[in-house]
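See structure below.
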Amino acid sequence: MIKVRIPTPLRPLTKGQGEVDAQACTIIEMIDTLNASHPGIKDRLCDDTGELRRFVNIYVNEEDIRFLMGKETSLKDGDEVSIVPAIAGGTSCQT
Amino acid sequence: MAMMKALVCRECGKEYPTKAIHVCEMCFGPLEVKYNYEEIKKNISRKNIQDGPHSIWRYAALLPVEGPIFLGPHAGMTPLVRARNLGAYLGLDELYIKNDTVNHPTLSFKDRVVAVAITRAREMGFETIACASTGNLANSVAAHAAASGMSAYVFIPGDLEAAKVLGNLIYKPNVVEVEGNYDDVNRLCSEIAGEHAWAFVNINIRPYYAEGSKTLAFETVEQLGWRTPDQVVIPMASGSLLTKIWKGLHEMKNLGLVDDVRTKINGAQAEGCSPISTAFKSGRDFFKPVKPKTIAKSLAIGNPADGYYALKATAESKGSMDMVSDEDVVEGIKLLAQTEGIFAETAGGVTIGVLQKLVKQGTIKKGDVTVAYITGNGLKTQEAVIDAIGRPHRIQPSLVSFEQTFKVGKQGVVTHD
């Protein structure tokens, strides 16, 4: 099981919960799983082409996924994932 | 006052009320203050500004506060120094240093943004102010909180310069040293900000806070006699300062305070942390975050929040970006000190180093009216230069000892009858 920390702007989709559990092997799979239980979440995190939006930062155990494998970053049982909006502008995920 | 209309998402344009929020709920884009420029235009004039207080608050109509109470009443209106010696050395006819090493009260440009942030935070009813900082911001938040009677939490990375740590503790905020770099601090604070009803100046107050940087553009134009410079060189950490200087110049034009903006915006970073400059040089409009490794700790943001917009502003202005090594940073600090008598922190060394590079490349030309933004004070980053500036001459308290050490001879010595 993966623990996912949800930022304030997405909490309306998680019934106010700041943390939810998910079963997934990669980040993109995690997003799909979250979307199944909390419909709409994928549209908020990804653009029309399925890429992560420019202003979304995702961390696995405190490490930015752009230093790992991006949305293909693999996950294992017990990992903690944080979804954090970039503070102002932000970065593109086209790494 | 109350010239703010709304907060608006810079990406999708969705509007929000002027509350303590910073992210668009729909697309996560950053929110920016939207003003009622038509109303502002009715009342603003060069004369009204010049008759205003000798601080950033002379531009209050263009700042996101309701007033009339302004906290941080002395921030801004720092000297614009005509740098004749450095100009001659570099081969520039008209070079100026915007000298925020003497900003009030904590000797960096952050006093501008914090004055705006704390004023707005108080207007919105907050009692606790907080920030994630590479040092200067924390110092300014701590001092302004003390003066305003607010409680403060400042979060800093674990490897800051001693003077920047001390420069927090003396004001007695809660100083939280996080084991990690600034990007770790920032991420943690984003999560803390979601849990506590605090005014995090660079998170939920950021749309207001960032606007304070525009005053560096306003003052430059006013101090140049209502002219815009041809070239500016700006240090980049998050990239926000550069973006806001560009915005400020255009606001002045749109309000009829200057005729035209023909300023080229140039961004400066240190090689050990140059995600924005690297993207610019490789012609990309997005950047890859980096793990910072540079003595320019105040610029050591590996995942710069406004990097995307800084790239855009620089491209729009047909400006440039570059980076310099840590050795050049130290040389830049020394050069500015030894030509103009201004002791800058490491970010200033980055700015001077890049200025020098841009002149050498021919990007900045001899006749260009050029302004270099020096944003922090060298006394806060002494570690960076301590091994590069020599030692005092130690002598006995005797004339002989002095003469032996210096051997200056009698030429030039004034003899008395």
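Identifiers for the structure tokens are assigned positionally: chains receive A, B, ... in sequence, residues are indexed from 1 per chain, and ligands are indexed from 1 in the order shown.
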
Exercise for the section: Just need the residues of chain B within 6 Å of chain A, counting only C-alpha atoms, so spit them out as a ChimeraX atom specification. Expected result: /B:25,27-30,194,203,286,305-306

Handout entry: Shell around B:Lys110 at 9 Å using only C-alpha atoms, local window under 5 positions removed, as a list in words
Key =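 Result of the neighbour search: Asn103, Ala115, Asn136, Leu137, Ala138, Asn139, Ser140, Val141, Gly212, Ser213, Thr375 and Gly376 of chain B.
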
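You will find atom CA of B:Asn303 at 6.5 Å from atom CA of B:Asp183.
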
Practice task
Quick one: pull the distance between atom CA of B:Ala6 and atom CA of B:Asn254, Å, one decimal.
Solution key: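 One can read the atom CA of B:Ala6 to atom CA of B:Asn254 distance as 19.1 Å.
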
Exercise for the section: Using only C-alpha atoms, determine which residues lie at most 6 Å from stretch 79-81 of chain B, disregarding the query and same-chain residues fewer than 2 positions distant; provide the list as number ranges by chain. Expected result: B: 83, 96-99

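Rounded to one decimal, atom CA of B:Ile386 and atom CA of B:Lys334 lie 11.1 Å from each other.
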
Exercise for the section: Quick one: everything within 12 Å of B:Phe109, counting only C-alpha atoms, minus sequence neighbours fewer than 4 positions away in the same chain. Send it as JSON, numbers by chain. Expected result: {"B": [56, 75, 76, 77, 78, 98, 99, 100, 101, 102, 103, 104, 105, 113, 114, 115, 116, 135, 136, 137, 139, 140, 210, 212, 213, 214, 215, 216, 234, 235, 241, 298, 344, 345, 347, 348, 373, 374, 375, 376, 377]}

How would the residues just chosen look if you wrote them out with N, CA and C atoms as a short mmCIF file (atom, residue, chain, number, x, y, z; two decimals), in the first residue's frame?
data_model
loop_
_atom_site.label_atom_id
_atom_site.label_comp_id
_atom_site.auth_asym_id
_atom_site.auth_seq_id
_atom_site.Cartn_x
_atom_site.Cartn_y
_atom_site.Cartn_z
N ILE B 56 9.03 52.34 -0.32
CA ILE B 56 8.24 51.66 -1.36
C ILE B 56 6.79 52.14 -1.37
N ALA B 75 11.08 50.50 4.13
CA ALA B 75 11.70 49.66 3.09
C ALA B 75 11.78 50.43 1.77
N GLY B 76 12.84 50.19 1.06
CA GLY B 76 12.94 50.74 -0.30
C GLY B 76 13.59 52.11 -0.39
N MET B 77 13.51 52.70 -1.57
CA MET B 77 14.18 53.96 -1.91
C MET B 77 15.67 53.91 -1.54
N THR B 78 16.27 52.80 -1.90
CA THR B 78 17.71 52.64 -1.70
C THR B 78 18.44 53.40 -2.81
N LYS B 98 21.88 49.39 -8.35
CA LYS B 98 20.73 49.59 -7.46
C LYS B 98 21.10 48.89 -6.17
N ASN B 99 21.36 49.70 -5.14
CA ASN B 99 22.06 49.19 -3.97
C ASN B 99 21.12 48.80 -2.83
N ASP B 100 20.59 47.59 -2.91
CA ASP B 100 19.74 47.09 -1.83
C ASP B 100 20.54 46.43 -0.70
N THR B 101 21.87 46.60 -0.72
CA THR B 101 22.64 46.13 0.45
C THR B 101 22.31 46.99 1.67
N VAL B 102 21.70 48.15 1.42
CA VAL B 102 21.37 49.05 2.54
C VAL B 102 19.86 49.22 2.71
N ASN B 103 19.11 48.21 2.30
CA ASN B 103 17.66 48.28 2.50
C ASN B 103 17.35 48.19 4.00
N HIS B 104 16.22 48.72 4.39
CA HIS B 104 15.84 48.75 5.79
C HIS B 104 14.70 47.77 6.03
N PRO B 105 14.73 46.98 7.10
CA PRO B 105 15.70 46.97 8.20
C PRO B 105 16.77 45.89 8.11
N VAL B 113 9.58 43.01 -0.23
CA VAL B 113 8.50 42.03 -0.39
C VAL B 113 7.86 41.68 0.95
N VAL B 114 8.67 41.69 2.00
CA VAL B 114 8.11 41.35 3.31
C VAL B 114 7.24 42.49 3.84
N ALA B 115 7.63 43.73 3.58
CA ALA B 115 6.79 44.86 4.00
C ALA B 115 5.40 44.72 3.38
N VAL B 116 5.37 44.36 2.10
CA VAL B 116 4.08 44.19 1.42
C VAL B 116 3.34 42.97 1.99
N GLY B 135 17.61 32.52 3.67
CA GLY B 135 18.29 33.35 4.67
C GLY B 135 17.78 34.77 4.74
N ASN B 136 17.92 35.50 3.65
CA ASN B 136 17.52 36.91 3.67
C ASN B 136 16.04 37.10 3.95
N LEU B 137 15.22 36.26 3.36
CA LEU B 137 13.78 36.38 3.59
C LEU B 137 13.46 36.12 5.06
N ASN B 139 15.40 36.54 7.65
CA ASN B 139 15.84 37.70 8.44
C ASN B 139 14.79 38.79 8.40
N SER B 140 14.27 39.05 7.22
CA SER B 140 13.33 40.14 7.06
C SER B 140 11.99 39.82 7.73
N ALA B 210 5.10 38.74 -3.77
CA ALA B 210 5.96 38.86 -4.95
C ALA B 210 5.83 40.23 -5.61
N GLY B 212 5.86 43.03 -4.30
CA GLY B 212 6.77 44.02 -3.70
C GLY B 212 8.03 44.22 -4.51
N SER B 213 8.43 43.20 -5.25
CA SER B 213 9.65 43.31 -6.07
C SER B 213 9.51 44.33 -7.19
N LYS B 214 8.28 44.64 -7.59
CA LYS B 214 8.09 45.62 -8.66
C LYS B 214 8.69 46.97 -8.29
N THR B 215 8.76 47.23 -6.97
CA THR B 215 9.26 48.55 -6.54
C THR B 215 10.70 48.77 -6.98
N LEU B 216 11.45 47.68 -7.21
CA LEU B 216 12.82 47.85 -7.72
C LEU B 216 12.81 48.43 -9.13
N ILE B 234 19.91 40.94 -13.34
CA ILE B 234 19.15 40.59 -12.15
C ILE B 234 19.54 39.18 -11.69
N PRO B 235 19.87 39.00 -10.41
CA PRO B 235 20.17 37.65 -9.93
C PRO B 235 18.88 36.83 -9.86
N LEU B 241 11.94 37.75 -8.86
CA LEU B 241 12.39 39.15 -8.92
C LEU B 241 12.49 39.63 -10.37
N SER B 298 22.02 32.16 -1.29
CA SER B 298 20.75 32.87 -1.40
C SER B 298 20.10 32.63 -2.75
N ALA B 344 28.79 43.54 -1.38
CA ALA B 344 27.61 42.73 -1.68
C ALA B 344 27.77 41.32 -1.17
N GLU B 345 26.66 40.66 -0.95
CA GLU B 345 26.70 39.23 -0.64
C GLU B 345 26.94 38.45 -1.93
N ALA B 347 25.14 36.77 -3.94
CA ALA B 347 24.25 37.01 -5.09
C ALA B 347 24.74 38.21 -5.89
N GLY B 348 25.29 39.22 -5.19
CA GLY B 348 25.84 40.39 -5.87
C GLY B 348 27.06 40.02 -6.69
N TYR B 373 21.37 44.92 -10.35
CA TYR B 373 20.64 44.84 -9.07
C TYR B 373 21.47 44.08 -8.04
N ILE B 374 21.87 44.80 -7.01
CA ILE B 374 22.65 44.20 -5.92
C ILE B 374 21.72 44.07 -4.72
N THR B 375 21.37 42.80 -4.41
CA THR B 375 20.18 42.57 -3.60
C THR B 375 20.45 42.22 -2.13
N GLY B 376 21.74 42.05 -1.76
CA GLY B 376 21.99 41.68 -0.36
C GLY B 376 23.37 42.11 0.10
N ASN B 377 23.56 42.13 1.40
CA ASN B 377 24.74 42.72 2.02
C ASN B 377 25.84 41.69 2.31
#

Practice task
Determine, counting only C-alpha atoms, which protein, DNA and RNA residues have an atom within 9 Å of an atom of B:Val33; residues of the same chain fewer than 5 positions away are not included. Present the result as a list of chain:residue names.
Solution key: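 Close residues of B:Val33: B:Met4, B:Lys5, B:Ala6, B:Leu7, B:Val8, B:Cys9, B:Thr18, B:Pro64, B:Pro207, B:Tyr208, B:Glu211.
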
Export of the given selection (N, CA and C atoms) as a compact mmCIF listing (two decimals), in the first residue's frame:
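Contents of selection11.txt, as written:
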# COMPACT_ATOMS: atom_id res chain seq x y z
N MET B 4 -7.12 46.47 -5.83
CA MET B 4 -7.10 45.08 -6.27
C MET B 4 -8.50 44.68 -6.71
N LYS B 5 -8.56 44.00 -7.84
CA LYS B 5 -9.85 43.52 -8.32
C LYS B 5 -10.08 42.07 -7.91
N ALA B 6 -9.04 41.26 -8.10
CA ALA B 6 -9.18 39.83 -7.90
C ALA B 6 -7.81 39.18 -7.95
N LEU B 7 -7.77 37.87 -7.65
CA LEU B 7 -6.59 37.08 -8.00
C LEU B 7 -6.97 36.33 -9.27
N VAL B 8 -6.00 36.21 -10.17
CA VAL B 8 -6.32 35.55 -11.43
C VAL B 8 -5.23 34.51 -11.75
N CYS B 9 -5.62 33.37 -12.25
CA CYS B 9 -4.66 32.32 -12.58
C CYS B 9 -3.87 32.72 -13.83
N THR B 18 -9.61 38.05 -3.39
CA THR B 18 -8.26 38.40 -2.92
C THR B 18 -8.02 37.88 -1.50
N PRO B 64 -0.40 45.42 -3.72
CA PRO B 64 -1.65 44.72 -3.39
C PRO B 64 -2.03 44.83 -1.90
N PRO B 207 1.11 35.63 -3.92
CA PRO B 207 0.64 36.58 -4.95
C PRO B 207 0.83 38.03 -4.52
N TYR B 208 0.73 38.31 -3.23
CA TYR B 208 0.89 39.69 -2.73
C TYR B 208 2.36 40.01 -2.52
N GLU B 211 4.66 40.86 -5.47
CA GLU B 211 4.44 42.16 -6.09
C GLU B 211 5.39 43.23 -5.54

Exercise for the section: Among the residues of chain A, find those DSSP assigns to strand (DSSP E) from the backbone and print them as a VMD selection string. Expected result: chain A and resid 2 to 5 19 to 22 56 to 60 63 to 64 80 to 85

Problem - Pick from B:Cys12, B:Leu399, B:Val385, B:Ala270 nearest to B:Leu31, counting only C-alpha atoms - result: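 Counting only C-alpha atoms, the residue closest to B:Leu31 is B:Cys12.
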
Practice task
For B:Val261, list every protein, DNA or RNA residue within 7 Å, evaluated using only C-alpha atoms, and leave out those in the same chain fewer than 5 positions away; present the list as a VMD selection string.
Solution key: chain B and resid 228 249 to 250 253

Exercise for the section: Select, from B:Pro17, B:Gly349, B:Gly367, B:Gly149, the residue with the minimum atom-to-atom distance to B:Val324, counting only C-alpha atoms. Expected result: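 Once distances to B:Val324 are computed over only C-alpha atoms, the minimum belongs to B:Gly349.
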
Exercise for the section: Just list the residues in stretch 18-93 of chain A DSSP gives helix (DSSP H, G or I) on the backbone, as a ChimeraX atom specification. Expected result: /A:27-37,41-45,65-67,70-72

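Once B:Lys293 and its same-chain neighbours fewer than 2 positions away are set aside, B:Glu271, B:Gly272, B:Cys273, B:Lys291, B:Ile295, B:Ala296, B:Lys297, B:Ala300 remain within 9 Å of it when counting only C-alpha atoms.
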
Completion exercise
Using only C-alpha atoms, the best pick from B:Glu39, B:Lys164, B:Met236, B:Ala372 as closest to B:Gly307 would be B:Met236
